[in-house]
Every structure is written in structure tokens, then in C-alpha cells.
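File shown: my_file-v8.cif. Contents: mmCIF, C-alpha atoms and all ligand atoms.
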```cif
data_model
#
loop_
_atom_site.label_atom_id
_atom_site.label_comp_id
_atom_site.auth_asym_id
_atom_site.auth_seq_id
_atom_site.Cartn_x
_atom_site.Cartn_y
_atom_site.Cartn_z
CA MET A 1 105.25 85.33 143.07
CA PRO A 2 102.81 87.09 140.69
CA ALA A 3 103.31 90.82 140.38
CA ILE A 4 100.54 92.96 141.78
CA HIS A 5 99.36 95.42 139.16
CA ARG A 6 97.74 98.46 140.68
CA ARG A 7 95.94 100.22 137.89
CA PRO A 8 96.44 103.96 138.16
CA ARG A 9 93.19 105.93 138.19
CA TRP A 10 93.74 107.29 134.66
CA ALA A 11 94.12 103.85 133.15
CA VAL A 12 90.39 103.12 133.19
CA ALA A 13 89.24 101.35 130.05
CA GLU A 14 87.58 103.76 127.67
CA SER A 15 84.38 101.71 127.67
CA MET A 16 84.10 102.25 131.44
CA ALA A 17 84.86 105.95 131.43
CA THR A 18 82.53 106.81 128.59
CA PRO A 19 78.75 106.40 128.66
CA GLU A 20 77.75 103.41 126.55
CA SER A 21 75.90 105.45 123.92
CA VAL A 22 78.85 107.77 123.31
CA PHE A 23 81.20 104.83 123.09
CA ALA A 24 78.90 103.06 120.63
CA SER A 25 78.64 106.09 118.40
CA ARG A 26 82.38 106.61 118.54
CA ARG A 27 82.87 103.06 117.35
CA ALA A 28 80.31 103.69 114.62
CA VAL A 29 82.25 106.74 113.46
CA LEU A 30 85.50 104.76 113.42
CA ALA A 31 83.87 101.84 111.64
CA GLY A 32 82.47 104.30 109.12
CA LEU A 33 85.96 105.58 108.48
CA GLY A 34 87.27 102.09 107.88
CA LEU A 35 89.12 102.20 111.15
CA GLY A 36 86.85 99.81 112.99
CA ALA A 37 89.16 96.85 112.84
CA ILE A 38 92.14 98.97 113.74
CA ALA A 39 90.42 100.66 116.67
CA GLY A 40 89.14 97.30 117.82
CA ALA A 41 92.65 95.91 117.83
CA GLY A 42 93.77 98.80 120.02
CA PHE A 43 95.67 100.50 117.19
CA LEU A 44 94.18 103.92 117.72
CA PRO A 45 94.87 105.36 121.13
CA GLU A 46 93.81 108.87 120.11
CA THR A 47 90.22 108.07 119.20
CA ALA A 48 89.07 111.55 120.10
CA ARG A 49 91.48 113.07 117.61
CA ALA A 50 90.26 110.73 114.88
CA GLU A 51 86.69 111.88 115.46
CA THR A 52 87.09 115.59 115.62
CA GLU A 53 90.19 116.66 113.86
CA ASP A 54 91.02 114.52 110.91
CA ALA A 55 90.17 115.08 107.29
CA ALA A 56 88.00 111.96 107.20
CA ALA A 57 85.64 113.13 109.94
CA ARG A 58 85.42 116.59 108.42
CA THR A 59 84.41 115.35 104.97
CA ALA A 60 82.40 112.25 105.95
CA SER A 61 79.12 113.82 104.79
CA LEU A 62 80.37 113.71 101.16
CA TYR A 63 80.23 109.89 101.15
CA PRO A 64 79.18 107.63 99.61
CA ALA A 65 79.43 109.43 96.27
CA GLN A 66 77.51 108.33 93.21
CA ARG A 67 79.21 105.51 91.32
CA ASN A 68 80.17 106.38 87.74
CA ASP A 69 79.32 103.24 85.77
CA ALA A 70 81.61 104.21 82.91
CA TYR A 71 84.45 102.85 85.09
CA ARG A 72 83.61 99.22 85.71
CA ILE A 73 85.73 96.11 85.84
CA GLU A 74 85.05 92.45 85.32
CA ARG A 75 86.94 91.38 88.44
CA PRO A 76 85.50 91.16 91.94
CA LEU A 77 86.42 93.96 94.32
CA THR A 78 89.23 93.23 96.75
CA PRO A 79 87.77 93.08 100.26
CA GLU A 80 88.59 96.20 102.24
CA GLU A 81 90.15 94.16 105.07
CA VAL A 82 92.68 92.88 102.54
CA SER A 83 93.48 96.05 100.59
CA SER A 84 93.72 98.18 103.71
CA THR A 85 96.17 95.86 105.45
CA TYR A 86 98.60 95.23 102.57
CA ASN A 87 100.01 98.59 101.54
CA ASN A 88 103.09 100.30 100.24
CA PHE A 89 103.70 103.55 102.10
CA TYR A 90 107.42 103.77 102.73
CA GLU A 91 107.02 106.80 104.97
CA PHE A 92 105.71 104.32 107.54
CA GLY A 93 107.97 101.35 106.79
CA SER A 94 109.33 99.36 103.89
CA HIS A 95 106.96 96.42 104.40
CA LYS A 96 103.27 95.87 103.72
CA GLN A 97 101.92 96.05 107.29
CA ILE A 98 102.10 99.80 107.73
CA ALA A 99 98.38 100.35 108.45
CA ARG A 100 98.91 100.71 112.18
CA ALA A 101 101.92 103.05 111.94
CA ALA A 102 100.10 105.18 109.36
CA GLN A 103 97.44 106.10 111.93
CA ALA A 104 99.96 108.64 113.23
CA LEU A 105 99.44 110.74 110.12
CA VAL A 106 97.74 114.01 111.05
CA THR A 107 95.32 114.84 108.21
CA HIS A 108 93.89 118.08 109.52
CA PRO A 109 94.76 120.82 108.91
CA TRP A 110 95.99 119.72 105.48
CA ASP A 111 96.84 122.51 103.08
CA ILE A 112 97.73 121.76 99.49
CA GLU A 113 100.07 124.14 97.75
CA ILE A 114 99.53 124.73 94.05
CA ASP A 115 102.49 126.49 92.46
CA GLY A 116 104.96 126.68 89.59
CA LEU A 117 103.71 127.65 86.14
CA VAL A 118 100.20 128.77 87.11
CA GLU A 119 98.39 132.07 86.72
CA GLU A 120 98.41 132.50 90.47
CA PRO A 121 100.04 130.22 93.06
CA THR A 122 97.59 129.31 95.77
CA THR A 123 97.07 127.16 98.83
CA ILE A 124 93.83 125.30 99.35
CA ALA A 125 92.67 123.45 102.45
CA PHE A 126 91.87 119.81 101.69
CA ASP A 127 88.31 120.09 103.10
CA ASP A 128 87.57 123.01 100.79
CA LEU A 129 88.97 121.20 97.78
CA ALA A 130 86.94 118.06 98.46
CA LYS A 131 83.77 120.11 98.84
CA ARG A 132 84.36 122.02 95.61
CA MET A 133 85.16 119.04 93.42
CA PRO A 134 82.64 116.73 91.70
CA LEU A 135 83.12 113.53 93.74
CA GLU A 136 82.25 110.19 92.17
CA GLU A 137 83.08 106.55 92.72
CA ARG A 138 85.01 104.49 90.18
CA LEU A 139 86.09 100.85 90.24
CA TYR A 140 89.72 100.66 89.20
CA ARG A 141 92.31 97.97 88.81
CA HIS A 142 95.50 98.68 90.74
CA ARG A 143 98.68 96.89 89.63
CA CYS A 144 101.91 97.18 91.59
CA VAL A 145 105.28 96.88 89.87
CA GLU A 146 105.90 94.02 92.34
CA ALA A 147 103.34 91.99 90.33
CA TRP A 148 100.41 91.90 92.74
CA SER A 149 97.09 93.50 91.96
CA MET A 150 93.81 94.50 93.53
CA THR A 151 90.53 96.09 92.56
CA VAL A 152 89.41 99.11 94.52
CA PRO A 153 86.33 101.35 94.60
CA TRP A 154 87.99 104.76 94.78
CA THR A 155 86.08 107.98 95.33
CA GLY A 156 87.49 111.21 93.99
CA PHE A 157 87.46 113.63 91.11
CA PRO A 158 89.18 113.84 87.72
CA LEU A 159 92.68 115.27 87.82
CA SER A 160 91.54 117.49 84.93
CA ALA A 161 89.17 119.29 87.34
CA LEU A 162 92.11 120.14 89.56
CA VAL A 163 94.10 121.36 86.56
CA ALA A 164 91.20 123.64 85.63
CA LEU A 165 91.16 125.02 89.18
CA ALA A 166 94.94 125.58 89.12
CA ARG A 167 94.91 127.51 85.81
CA PRO A 168 98.35 126.48 84.48
CA LEU A 169 100.24 128.61 81.99
CA SER A 170 100.65 127.27 78.45
CA SER A 171 104.35 126.74 79.19
CA ALA A 172 103.52 124.01 81.75
CA ARG A 173 104.43 120.55 80.42
CA TYR A 174 104.36 118.40 83.54
CA ILE A 175 102.72 118.18 86.94
CA ARG A 176 104.91 117.33 89.89
CA PHE A 177 103.27 115.93 93.04
CA GLU A 178 104.95 115.94 96.43
CA THR A 179 104.01 114.16 99.66
CA PHE A 180 104.29 115.54 103.20
CA ASN A 181 107.65 115.50 104.96
CA ASP A 182 107.44 114.87 108.68
CA PRO A 183 109.97 112.39 110.08
CA GLY A 184 108.51 113.04 113.54
CA ILE A 185 105.37 111.07 112.66
CA ALA A 186 106.57 109.04 109.68
CA GLY A 187 109.45 106.91 110.92
CA GLY A 188 110.43 105.86 107.41
CA GLN A 189 111.38 109.43 106.65
CA LYS A 190 114.19 109.15 109.20
CA GLN A 191 115.88 106.73 106.81
CA VAL A 192 118.21 109.18 105.17
CA TRP A 193 119.14 106.94 102.24
CA TYR A 194 115.68 107.58 100.72
CA PRO A 195 115.21 110.85 98.77
CA TRP A 196 112.27 112.22 100.81
CA PRO A 197 109.74 113.57 100.24
CA TYR A 198 108.10 111.10 97.84
CA VAL A 199 107.64 112.78 94.45
CA GLU A 200 105.79 111.72 91.32
CA GLY A 201 104.87 113.30 88.03
CA VAL A 202 102.75 113.11 84.90
CA THR A 203 102.65 114.96 81.58
CA MET A 204 99.89 117.51 81.00
CA ASP A 205 98.42 115.12 78.39
CA GLU A 206 98.30 112.30 80.91
CA ALA A 207 96.69 114.63 83.45
CA ALA A 208 93.98 115.48 80.92
CA ASN A 209 93.09 111.83 80.36
CA ASP A 210 89.73 110.86 81.88
CA LEU A 211 91.26 107.99 83.84
CA ALA A 212 93.66 110.21 85.83
CA PHE A 213 91.88 110.45 89.16
CA MET A 214 92.50 112.33 92.41
CA VAL A 215 91.37 110.04 95.22
CA THR A 216 89.75 111.28 98.42
CA GLY A 217 87.97 108.10 99.47
CA ALA A 218 87.70 104.34 99.13
CA TYR A 219 84.96 101.82 99.83
CA GLY A 220 82.36 104.57 100.09
CA LYS A 221 84.18 106.46 102.87
CA PRO A 222 86.88 109.08 103.28
CA LEU A 223 90.31 107.69 102.54
CA ALA A 224 91.93 105.71 105.34
CA ARG A 225 95.40 106.89 106.27
CA GLN A 226 97.18 103.80 104.97
CA PHE A 227 95.68 104.44 101.52
CA GLY A 228 97.28 107.92 101.49
CA ALA A 229 94.79 110.21 103.21
CA PRO A 230 93.56 112.73 102.62
CA LEU A 231 94.44 112.97 98.90
CA ARG A 232 96.26 110.61 96.55
CA LEU A 233 96.51 109.94 92.87
CA ALA A 234 95.21 106.90 90.94
CA LEU A 235 96.67 106.25 87.47
CA PRO A 236 95.33 102.77 86.83
CA TRP A 237 97.22 102.14 83.56
CA LYS A 238 100.57 102.67 85.30
CA TYR A 239 102.42 100.72 87.96
CA GLY A 240 101.17 101.60 91.42
CA PHE A 241 104.22 103.60 92.48
CA LYS A 242 103.04 106.44 90.22
CA SER A 243 99.92 106.76 92.41
CA ILE A 244 101.45 109.04 95.01
CA LYS A 245 99.81 109.17 98.45
CA SER A 246 99.12 112.02 100.86
CA ILE A 247 99.75 114.87 98.43
CA ARG A 248 100.79 118.21 99.88
CA ARG A 249 102.12 120.10 96.91
CA ILE A 250 101.20 120.19 93.22
CA SER A 251 103.58 122.08 90.93
CA PHE A 252 103.29 122.79 87.23
CA THR A 253 106.69 122.59 85.56
CA GLU A 254 108.45 122.81 82.26
CA GLU A 255 111.04 120.23 83.31
CA ARG A 256 110.18 116.61 83.76
CA PRO A 257 110.04 115.81 87.49
CA VAL A 258 112.35 113.10 88.80
CA SER A 259 110.26 110.75 90.86
CA PHE A 260 111.17 109.03 94.12
CA TRP A 261 111.85 105.57 92.70
CA GLU A 262 113.51 106.95 89.59
CA GLU A 263 115.94 108.82 91.81
CA ILE A 264 116.72 105.61 93.71
CA ALA A 265 117.03 103.24 90.72
CA ALA A 266 116.39 104.81 87.32
CA SER A 267 117.26 101.59 85.49
CA GLU A 268 114.38 99.80 87.26
CA TYR A 269 111.72 102.49 87.80
CA GLY A 270 111.26 105.18 85.20
CA PHE A 271 109.08 108.20 84.68
CA TRP A 272 106.52 106.48 82.43
CA ALA A 273 105.94 103.17 84.20
CA ASN A 274 103.09 102.00 81.97
CA VAL A 275 102.01 98.41 82.63
CA ASN A 276 103.17 95.99 79.93
CA PRO A 277 103.29 92.19 80.26
CA ASP A 278 106.00 91.93 77.61
CA VAL A 279 108.53 94.22 79.25
CA PRO A 280 109.98 92.51 82.33
CA HIS A 281 111.31 94.38 85.31
CA PRO A 282 115.12 93.85 85.28
CA ARG A 283 114.70 91.39 88.16
CA TRP A 284 111.34 89.68 87.51
CA SER A 285 108.70 89.02 84.88
CA GLN A 286 105.63 91.22 84.46
CA ALA A 287 103.76 88.62 82.37
CA GLU A 288 101.46 87.65 85.23
CA GLU A 289 100.09 89.21 88.37
CA ARG A 290 98.98 87.75 91.69
CA VAL A 291 95.47 88.89 92.57
CA LEU A 292 95.36 89.78 96.24
CA HIS A 293 92.92 87.82 98.38
CA THR A 294 92.24 85.05 95.82
CA GLY A 295 95.95 84.45 95.21
CA GLU A 296 95.05 83.65 91.62
CA ARG A 297 97.70 84.30 88.94
CA VAL A 298 96.30 86.00 85.86
CA PRO A 299 97.93 87.39 82.73
CA THR A 300 98.97 91.04 82.99
CA GLN A 301 97.22 93.26 80.44
CA LEU A 302 98.82 95.99 78.35
CA PHE A 303 98.23 99.32 80.10
CA ASN A 304 96.65 97.22 82.85
CA GLY A 305 93.56 96.72 80.67
CA TYR A 306 93.13 100.41 79.82
CA ALA A 307 94.88 100.44 76.41
CA GLU A 308 91.81 101.70 74.60
CA GLU A 309 91.67 104.78 76.79
CA VAL A 310 95.38 105.64 77.03
CA ALA A 311 97.46 104.08 74.23
CA GLY A 312 97.02 107.23 72.13
CA LEU A 313 98.86 109.28 74.75
CA TYR A 314 102.11 107.62 73.74
CA SER A 315 102.07 107.83 69.96
CA GLY A 316 105.24 109.54 68.82
CA LEU A 317 106.99 108.62 72.09
CA GLU A 318 108.10 105.14 71.03
CA GLY A 319 111.75 106.05 71.65
CA GLU A 320 111.03 106.60 75.36
CA PRO A 321 111.26 103.80 77.94
CA LEU A 322 107.48 103.77 78.29
CA TYR A 323 107.15 100.53 80.26
CA ARG A 324 109.33 100.88 83.31
N1 LIG B 401 103.02 107.23 97.98
C1 LIG B 401 103.84 107.56 98.99
N2 LIG B 401 103.76 108.81 99.47
N3 LIG B 401 104.70 106.69 99.56
C2 LIG B 401 104.82 105.40 99.08
O1 LIG B 401 105.65 104.63 99.60
N4 LIG B 401 104.06 103.75 97.45
C3 LIG B 401 103.56 103.59 96.09
C4 LIG B 401 102.22 104.29 95.88
N5 LIG B 401 102.22 105.62 96.47
C5 LIG B 401 103.99 105.00 98.00
C6 LIG B 401 103.07 105.95 97.49
C7 LIG B 401 103.44 102.20 95.68
S1 LIG B 401 104.91 101.38 95.40
C8 LIG B 401 102.24 101.59 95.48
S2 LIG B 401 102.14 100.03 94.80
C9 LIG B 401 101.00 102.23 95.89
O2 LIG B 401 101.19 103.51 96.47
C10 LIG B 401 100.31 101.34 96.89
O3 LIG B 401 99.03 101.80 97.15
P1 LIG B 401 98.09 101.00 98.15
O4 LIG B 401 98.84 100.78 99.41
O5 LIG B 401 96.88 101.81 98.32
O6 LIG B 401 97.81 99.68 97.48
#
```
Can the structure from this file be put into C-alpha cells for me?
Amino acid sequence: MPAIHRRPRWAVAESMATPESVFASRRAVLAGLGLGAIAGAGFLPETARAETEDAAARTASLYPAQRNDAYRIERPLTPEEVSSTYNNFYEFGSHKQIARAAQALVTHPWDIEIDGLVEEPTTIAFDDLAKRMPLEERLYRHRCVEAWSMTVPWTGFPLSALVALARPLSSARYIRFETFNDPGIAGGQKQVWYPWPYVEGVTMDEAANDLAFMVTGAYGKPLARQFGAPLRLALPWKYGFKSIKSIRRISFTEERPVSFWEEIAASEYGFWANVNPDVPHPRWSQAEERVLHTGERVPTQLFNGYAEEVAGLYSGLEGEPLYR
């Protein structure tokens, strides 16, 4: 005998409870934030929160930013549906389909602490930072240590602009970046065998390089949560794990930071992690990469194709394990 489902009064479909025009504009907002597909699939129960309280809605007027044509690539862009549904974000699971779980990330309020060897430690709200910085769009290659790659139109500002804002002391040699820590919303952070929170680092010289980019958006919109909203790093000449997502704290240090993956397996994932086809990962080759979406296998390029811009950073450091 079929069960009789009596819908409680509060379980009215949103499209019935909301006037059509409001519903349509809500969908437009979500689509504009790159959440259209997710909302459509029923991924986002808290649509109201997404509209009014997250970092994306609060900074939407800053997009699209002007594209900077100095950063072009010869490859086609990876479609957003592909790059936003195949992600590494271990806070939300150790597999690629974390986009849905990542919608739990609360991106407002989002304060970023700047501390360590600086003239004056400070805390800045993400919205304020995004509004103060010179946003631009750049097309970057993105190469994961797992040997897949994609091409993404990031929006953001040079890391050097943030360094200028932070006013580090001359004793600062490294920048250490730290992600949020909230096991209540990020289930992966309940897995105690990982050294949470996710940490990454660069040298001051690397931070000063033009390619080092703080990302606030992608595909002409504020950053979707699965990409590391509201603020992540993009270091396109390095393996993707250096590009830390959802940054909460930026510290200037004299000591070299130990990063998340280095802490887990230093023999496989080092501090430098520069892309090099001739230096295999201990368990697989880095000679080729699989281009997401097309599935094509193409030769990996030294420094992921950015050797001209960054090779000089490493002269005199040949004794270091620069390529893992
Ligand atoms: N940042 C945090 N906080 N947590 C992560 O698990 N994964 C890294 C990096 N940044 C990761 C992170 C890895 S391994 C890669 S390849 C890239 O994010 C993936 O970025 P994407 O999902 O935007 O392609």
C-alpha cells in the first residue's frame, strides 16, 4: 500500500511561496555567483543566506574586473562547469566532488589577520580588502601535482599589493598563509590525522613576483566557495597545492613555514613545489599532464610555462629540492 505523504505547511516549494519575480531575481543572483547549477540541483537550502550574507553577494559589484592582457595563455579556458565541480579542498572531503559540501562555508563576516614581522599587526575585513585592492582578471594555467591541469580566468590583485599594505619589517623572509579552522562546517577537519588548519608559504622574493596573485573571483564573478572563497592564492608556476584556499591569516616570518602537505609527507611534497617535467613525484611521472575537460595529454612545461618570469627567483638555490 503506497504511503500517504502529508506535506506539512512549511514544506511548500520555494517557487510557490515566493512571488515569481523575487524567485527569478534570486536565481539570477545565484547564477551570477556561479551557484546556478548547484542551486538548481537543490544543493543550496539556505538561498537567503547566500544572497544577503556571503562575501560574494557583498562584493558582486566589483565584477567583472578588467582583463589584464599581459597574462594570456594559448590554451582554451576550462569550462566553469568542469573546473567548479572537480576540486581539491580537503576541508570538505578527500575527493574531487566537494562543491556541494563546500556551500556550508560561511564567508561573511570574514576577517583576515595580518601579523608576525609587520610594523603593526592588523585585521582587515575581506570586503574592505577587496574594495581597496586593484582588481584585475588574468588567465592562468593551474597544474596539480596529481598531473591534471586546467586554465582559469581568475580575478584578484597582486600579492605584492597586499605586502605593501601589510608593511613587513626587513627581517621578514617568508609569508605564511593559514586557512580557516571550523570542523563544525568543514567535515574534513574532523579527521584528526590531518594537520589542520591548511598552511602554505612563500619567500618574500616569490611574493614580490608579478605572477603571485591573490584571488577573489573566477569567471568574472566573486569566487565560488569550492574555489576557496573569499580569498585564495594562485601561484601558477607551482603545483596547485601551494595555492591555498580560504585564507584567514597572513603572517610574516623569519622561519620557513611548514606547509600542510609537507607536514604529512615531506619526501613527496616540499616547500618549493615548482613544476618540472623532469623531476617525477616519487610515485608517478610529471612528464605529462591531463587537461581537464578535453582529456588530452600534453607535455608538462618547466615552471608550468612561466620559466621566463620566475626562473631567476631560484638562482643560487640549486641545492634546494626546488621541484617537489
Ligand atoms: N587549500 C585548502 N585550504 N585546502 C585544500 O585542500 N588543496 C590544494 C589547493 N588549495 C587545498 C587548498 C590543492 S591540492 C589544489 S590542486 C588546489 O587547491 C585545487 O584548486 P581548485 O580546486 O580550485 O582546482
Contact check, chain A to ligand LIG 401 (chain B), at most 6 Å, counting all atoms listed in the file, closest pairs as a tab-separated table:
```
residue	atom	partner	partner_atom	distance
A:Asn87	CA	B:LIG401	O4	3.3
A:Asn88	CA	B:LIG401	O4	4.4
A:Phe89	CA	B:LIG401	O1	3.3
A:Tyr90	CA	B:LIG401	O1	3.7
A:Glu91	CA	B:LIG401	N3	5.9
A:Cys144	CA	B:LIG401	S2	4.3
A:Thr179	CA	B:LIG401	N2	5.4
A:Tyr198	CA	B:LIG401	N2	5.2
A:Phe227	CA	B:LIG401	O5	4.3
A:Gly240	CA	B:LIG401	S2	3.9
A:Phe241	CA	B:LIG401	C7	3.6
A:Ser243	CA	B:LIG401	N5	4.8
A:Ile244	CA	B:LIG401	N5	3.8
A:Lys245	CA	B:LIG401	N1	3.8
A:Ser246	CA	B:LIG401	N2	5.8
```
Place a sphere of radius 8 Å on (98.1, 94.1, 89.7) in the file coordinates and name every protein, DNA or RNA residue with an atom inside or on its surface, counting only C-alpha atoms; give the answer as a PDB file with C-alpha atoms, in the coordinates of the input.
```
ATOM      1  CA  ARG A 141      92.310  97.970  88.810  1.00  0.00           C
ATOM      2  CA  HIS A 142      95.500  98.680  90.740  1.00  0.00           C
ATOM      3  CA  ARG A 143      98.680  96.890  89.630  1.00  0.00           C
ATOM      4  CA  CYS A 144     101.910  97.180  91.590  1.00  0.00           C
ATOM      5  CA  VAL A 145     105.280  96.880  89.870  1.00  0.00           C
ATOM      6  CA  ALA A 147     103.340  91.990  90.330  1.00  0.00           C
ATOM      7  CA  TRP A 148     100.410  91.900  92.740  1.00  0.00           C
ATOM      8  CA  SER A 149      97.090  93.500  91.960  1.00  0.00           C
ATOM      9  CA  MET A 150      93.810  94.500  93.530  1.00  0.00           C
ATOM     10  CA  GLU A 289     100.090  89.210  88.370  1.00  0.00           C
ATOM     11  CA  ARG A 290      98.980  87.750  91.690  1.00  0.00           C
ATOM     12  CA  VAL A 291      95.470  88.890  92.570  1.00  0.00           C
ATOM     13  CA  THR A 300      98.970  91.040  82.990  1.00  0.00           C
ATOM     14  CA  ASN A 304      96.650  97.220  82.850  1.00  0.00           C
TER      15      ASN A 304
END
```
*asked:* So the first atom is atom CA of A:Pro64 and the second is atom CA of A:Glu309; what is the distance between them in Å, to one decimal place?
replied: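 Atom CA of A:Pro64 sits 26.2 Å away from atom CA of A:Glu309.
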*A:Glu254, A:Glu178, A:Asp54, A:Glu320 ranked by distance to A:Gln103, top pick (using all atoms listed in the file)*: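 Nearest candidate to A:Gln103 out of A:Glu254, A:Glu178, A:Asp54, A:Glu320: A:Asp54.
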*In Å, how far is it from atom CA of A:Asp128 to atom CA of A:Ala224?*
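Those two atoms sit 18.4 Å apart.
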*One-decimal distance in Å that lies between atom CA of A:Ile247 and atom CA of A:Asn209*: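 Value for the atom CA of A:Asn209-atom CA of A:Ile247 distance: 19.5 Å.
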_Residue contacts of A:Ile264 (12 Å, all atoms listed in the file) excluding same-chain residues fewer than 3 positions away, as a list in words_ =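 Everything that qualifies: Trp193, Tyr194, Pro195, Trp196, Tyr198, Val199, Val258, Ser259, Phe260, Trp261, Ser267, Glu268, Tyr269 and Gly270 of chain A.
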*Give the answer as one residue: which of A:Leu139, A:Ile175, A:Leu105, A:Ile114 has the shortest atom-to-atom distance to A:Gly220, using only C-alpha atoms?*
A:Leu139
*Within 12 Å of stretch 172-174 of chain A, counting all atoms listed in the file, which residues show up once you throw out same-chain ones fewer than 4 positions away? Write them as a ChimeraX atom specification, please.*
/A:115-119,163,166-168,200-208,250-258,271
*Which residue gives the smallest distance to A:Ala212 among A:Asp69, A:Leu162, A:Ala130, A:Ile124, with only C-alpha atoms counted?*
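Residue with the minimum atom-to-atom distance to A:Ala212: A:Leu162.
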*Tell me which protein, DNA and RNA residues are within 12 Å of A:His108, counting only C-alpha atoms, leaving out same-chain ones fewer than 5 positions away, and put them as a ChimeraX atom specification.*
/A:49-59,125-128,225,229-231,246,248
*Near A:Ile185, counting all atoms listed in the file, which residues have an atom at most 12 Å away, once you skip same-chain residues fewer than 6 positions from it, shown as an NGL selection string?*
:A and (91-93 or 101-107)
Go ahead and save the picked residues with C-alpha atoms, as a short mmCIF file (atom, residue, chain, number, x, y, z; two decimals), in the coordinates of the input.
```cif
data_model
loop_
_atom_site.label_atom_id
_atom_site.label_comp_id
_atom_site.auth_asym_id
_atom_site.auth_seq_id
_atom_site.Cartn_x
_atom_site.Cartn_y
_atom_site.Cartn_z
CA GLU A 91 107.02 106.80 104.97
CA PHE A 92 105.71 104.32 107.54
CA GLY A 93 107.97 101.35 106.79
CA ALA A 101 101.92 103.05 111.94
CA ALA A 102 100.10 105.18 109.36
CA GLN A 103 97.44 106.10 111.93
CA ALA A 104 99.96 108.64 113.23
CA LEU A 105 99.44 110.74 110.12
CA VAL A 106 97.74 114.01 111.05
CA THR A 107 95.32 114.84 108.21
#
```
*asked:* Env of A:Arg67: 9 Å cut, atoms = only C-alpha atoms, seq-sep filter 2 positions within chain, self excluded. Answer as a list in words.
replied: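 Skipping anything fewer than 2 positions along the chain leaves Pro64, Ala65, Asp69, Ala70, Tyr71, Glu136, Glu137, Arg138, Leu139, Pro153 and Thr155 of chain A.
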*Just give me the residues with any atom within 12 Å of (105.2, 91.0, 76.0), file coordinates, counting all atoms listed in the file, written as JSON, numbers by chain.*
{"A": [275, 276, 277, 278, 279, 280, 281, 285, 286, 287, 288, 299, 300, 301, 302, 303, 323]}
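Using all atoms listed in the file, the shortest contact distance between A:Tyr63 and any of A:Lys221, A:Ala273, A:Leu233, A:Glu262 is found at A:Lys221.
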*Name the closest residue to A:Gly319 among the candidates A:Gln66, A:Trp284, A:Ala218, A:Trp272; distances are taken between atoms, counting only C-alpha atoms.*
A:Trp272
Would you compute, for all listed atoms of stretch 201-204 of chain A, the axis-aligned bounding box grown by 6 Å on each side, and then report its centre and edge lengths in Å rounded to one decimal, as JSON?
```
{"center_x": 102.4, "center_y": 115.3, "center_z": 84.5, "size_x": 17.0, "size_y": 16.4, "size_z": 19.0}
```
_Restricting the calculation to only C-alpha atoms: of A:Leu223, A:Leu322, A:Val152, A:Ala161, which residue gets closest to A:Tyr239?_
A:Leu322
